[in-house]
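Heads up: the structure comes next, in structure tokens.
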Amino acid sequence: MELARCAQKLLLGDPTPKIRFLFPSNPAPTTVFLRSRLIRRRRRRRNFVVSVASAEVGALVEQAGGKRVVELVGAFNKLTGTMKNVHSSTTSSQTLLFKSLKLSIPILHSLPLAPDGRSPLSKALSLALLLAHLQMDAEVISAGILRQVLEAGAVSIMKVRDRISSGTAHLLHESLRVKNVSAKVEVLDDETAAALRKFCLTFYDIRALILDLAFKLDTMRHLDYLPRYQQQMLSLEVMKIHAPLAHAVGTNFLSLELEDLAFRYLFPCSYLYVDTWLRNHERDATYEPLIDVYKERVLHSLETDSLLADMVEDISVKGRYKSRYSTMKKLLRDGRRPEEVNDVLGLRIVLKPRCGSDVGERACYRAREIIRSLWEEMPHRTKDYIAKPKPNGYRSLHMAVNVSEYDRARPLMEIQIRTTEMDMLADAGAASHSLYKGGLTDPEEVSIFAYVIEARNFILLLSKDYLIDHNCESLTSLIWSLKQR
């Protein structure tokens with residue numbers, strides 16, 4: 001009964017304590033800190049602990065408000081657990097997320113099911129978790145939580161500004177403007193799509209763009225309920241506008257999945273052909289992902305090499321699969337057969353040297369020797385961009401190895417080897433490449449917007465210590481604070 005009373009107070013906006021839940025399926029207690037109104041008025045905090053025995057959980061949840069408290073606590077813990085960056089560690093960020101969930105959950109329960117059959121709460125949390133996975137700040141995630149509520153007319157931008165934050169209200173307003181931009185044109189040809197992309201990149205908040213792109217991806221993941229012609233209309237819009245925009249703002253994770261989903265609905269037979277072939281080369285005989293097998297083998301060999309251990313203090317190995325859409329483009333552009341596509345699997349090895357740039361370069365060459373001891377290298381596909389950097393300063397070792405087994409031929413696997421500094425510079429240089437793929441073809445425009453993306457990344461790096469030291473609520477307040485200094 002005590003939990004039910006706390007639930008009613010919570011949902012009515014009364015002073016709320018710290019509540020601790022003990023669930024039978026989770027031996028570790030789930031704890032959430034609930035800020036009381038008394039903190040703002042009297043500058044003091046009241047904390048209580050409510051421990052629920054496993055046999056009583058089911059009954060208590062059925063009490064008025066109890067179920068919503070459990071949902072609120074679960075959603076809050078899941079979001080903050082996914083946010084691995086510094087934004088989730090600040091009290092202001094946690095407060096912002098909690099207020100957004102507290103406002104939206106009762107309203108979402110009153111809304112009808114989404115057309116795809118999901119509950120509004122499930123859809124809102126799916127979008128919020130996607131934004132958290134992208135390591136967006138709390139204001140963007142808060143806007144993702146509230147977007148459905150706003151579109152349903154249950155709250156206004158003014159109410160969000162007053163009860164949540166002005167930054168969240170601004171992002172919601174901007175994301176709705178981005179959402180409606182494609183409705184302003186009648187024909188979505190190449191020229192019109194390019195103009196729309198340039199318009200979005202020029203006039204909208206980049207975080208609002210990412211919020212809308214995440215919303216579009218969540219929608220594309222659940223398109224099966226729509227008639228075929230509507231699936232194709234949405235997929236064409238994604239392929240023409242949203243996927244290139246995702247490239248342009250540097251969110252490759254979004255762009256690749258958007259492209260693959262649009263490809264699947266626009267050309268289902270071609271997608272099935274490419275997908276079937278790639279799946280045959282992505283898993284071994286036991287159906288374990290090959291990229292994981294190769295990553296573990298490479299990492300073990302690098303970590304156990306005594307010479308390399310003297311030169312580096314950390315080793316990172318990342319793997320990637322070639323997307324279905326990019327595979328199809330390569331087949332069409334180069335006129336290749338599937339077995340002639342050689343970069344289906346790829347590994348990137350990033351080494352953190354102990355000291356000095358020379359040590360880092362020697363570590364890269366040592367890592368290449370270790371790779372050569374594992375697989376046969378293809379000499380005609382070896383490129384040394386450390387000895388001879390690209391004109392834009394890009395430096396890395398590229399190689400392709402033969403991972404075929406005695407009883408099964410496989411495509412070549414590409415491997416990149418670089419230091420942490422080389423990797424950082426490569427990511428910065430990739431901004432310009434992404435902008436070209438996003439539809440900006442004027443070199444001056446690309447250069448200017450690349451500076452914007454690099455500035456965003458720089459601020460994200462700065463924020464790690466600055467947000468904690470100066471108690472900034474978000475990137476917006478961080479930028480303002482830096483300007484004042």
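In the structure tokens, chains take the letters A, B, ... in the order shown, each chain's residues start at 1, and ligands count up from 1 in the order shown.
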
Worksheet item: Neighbours of range 385-390 of chain A within 10 Å (only C-alpha atoms; same-chain residues fewer than 5 positions away dropped), as a PyMOL selection string?
Response: chain A and resi 361+364-365+395-398+417-418+422

Discussion item. Give me, as a ChimeraX atom specification, all polymer residues having an atom no more than 6 Å from range 339-348 of chain A, counting only C-alpha atoms and skipping those fewer than 3 positions away in the same chain.
Written reply: /A:317-322,336,411-416

Worksheet item: A:Gln135, A:Thr95, A:Ser126, A:Asn402: which is nearest Arg207 in chain A, counting only C-alpha atoms?
Response: A:Gln135

Item to complete: Run DSSP on the backbone of this structure and report the residues of range 140-365 of chain A it assigns to strand (DSSP E or B), as a VMD selection string.
Response: chain A and resid 283 289 312 to 321 345 to 353

Those residues with N, CA and C atoms, as a compact mmCIF listing (two decimals), in the first residue's frame please?
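The file below, selection.txt, is the result:
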# COMPACT_ATOMS: atom_id res chain seq x y z
N ARG A 283 28.54 -15.82 -41.61
CA ARG A 283 28.53 -16.77 -40.49
C ARG A 283 29.30 -18.03 -40.87
N PRO A 289 28.75 -15.43 -35.96
CA PRO A 289 29.19 -14.35 -36.85
C PRO A 289 30.69 -14.41 -37.10
N VAL A 312 52.56 -0.11 -27.30
CA VAL A 312 51.20 0.44 -27.16
C VAL A 312 50.65 0.13 -25.78
N GLU A 313 49.73 0.97 -25.34
CA GLU A 313 49.07 0.75 -24.06
C GLU A 313 47.61 0.32 -24.21
N ASP A 314 47.08 0.40 -25.41
CA ASP A 314 45.70 -0.04 -25.62
C ASP A 314 45.51 -0.44 -27.08
N ILE A 315 44.67 -1.47 -27.31
CA ILE A 315 44.39 -1.97 -28.65
C ILE A 315 42.89 -2.10 -28.81
N SER A 316 42.37 -1.55 -29.89
CA SER A 316 40.94 -1.65 -30.19
C SER A 316 40.76 -2.27 -31.57
N VAL A 317 39.86 -3.25 -31.67
CA VAL A 317 39.56 -3.89 -32.95
C VAL A 317 38.05 -3.79 -33.19
N LYS A 318 37.67 -3.13 -34.25
CA LYS A 318 36.26 -2.97 -34.61
C LYS A 318 35.98 -3.69 -35.93
N GLY A 319 34.81 -4.27 -36.03
CA GLY A 319 34.43 -4.98 -37.25
C GLY A 319 33.21 -4.38 -37.90
N ARG A 320 33.05 -4.61 -39.18
CA ARG A 320 31.87 -4.13 -39.89
C ARG A 320 31.53 -5.07 -41.05
N TYR A 321 30.24 -5.14 -41.34
CA TYR A 321 29.75 -5.85 -42.52
C TYR A 321 29.45 -4.83 -43.61
N LEU A 345 33.59 -8.18 -45.45
CA LEU A 345 33.97 -8.05 -44.05
C LEU A 345 35.14 -7.09 -43.93
N GLY A 346 35.18 -6.37 -42.83
CA GLY A 346 36.29 -5.44 -42.61
C GLY A 346 36.61 -5.30 -41.14
N LEU A 347 37.89 -5.11 -40.82
CA LEU A 347 38.35 -4.86 -39.46
C LEU A 347 39.15 -3.57 -39.43
N ARG A 348 39.00 -2.83 -38.35
CA ARG A 348 39.83 -1.64 -38.13
C ARG A 348 40.55 -1.80 -36.80
N ILE A 349 41.87 -1.74 -36.85
CA ILE A 349 42.71 -1.88 -35.66
C ILE A 349 43.22 -0.49 -35.29
N VAL A 350 42.93 -0.05 -34.07
CA VAL A 350 43.37 1.27 -33.60
C VAL A 350 44.29 1.05 -32.40
N LEU A 351 45.51 1.56 -32.50
CA LEU A 351 46.54 1.38 -31.48
C LEU A 351 46.80 2.70 -30.76
N LYS A 352 46.86 2.63 -29.44
CA LYS A 352 47.20 3.81 -28.65
C LYS A 352 48.66 3.68 -28.21
N PRO A 353 49.58 4.44 -28.84
CA PRO A 353 51.01 4.29 -28.52
C PRO A 353 51.33 4.81 -27.14

Worksheet entry | Spatial neighbours of Ala193 in chain A, max dist 6 Å, only C-alpha atoms, sep filter under 3 positions, as a PyMOL selection string | chain A and resi 188+190+196+240-241

Write to file, as a compact mmCIF listing (two decimals), in the first residue's frame, the residues of the selection just made, with C-alpha atoms.
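Result written to result-v8.txt:
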# COMPACT_ATOMS: atom_id res chain seq x y z
CA LEU A 188 10.62 14.23 -55.68
CA ASP A 190 16.94 14.25 -58.07
CA LEU A 196 15.63 19.89 -49.96
CA LYS A 240 16.31 10.50 -51.76
CA ILE A 241 16.35 12.72 -48.66

Worksheet entry | For Tyr229 in chain A: contacts at 10 Å, only C-alpha atoms, fewer than 4 positions along chain excluded, given as an NGL selection string | :A and (233-235 or 265-266)

Practice prompt. In Å, rounded to a single decimal, give me how far CA of Lys383 in chain A is from CA of Ala400 in chain A.
Written response: 9.4 Å

Practice prompt. Quote the spacing between CA of Leu97 in chain A and CA of Val155 in chain A in Å to one decimal place.
Written response: 16.6 Å

Fill in: Interatomic distance, CA of Asp310 in chain A to CA of Arg366 in chain A (Å, one decimal)
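That distance, rounded to one decimal, is 11.2 Å.
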
Fill in: Near-Leu278 in chain A list (8 Å; only C-alpha atoms; drop same-chain fewer than 4 positions) as a list in words
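After dropping sequence-adjacent residues, the list is Val274, Glu282, Arg324 and Val344 of chain A.
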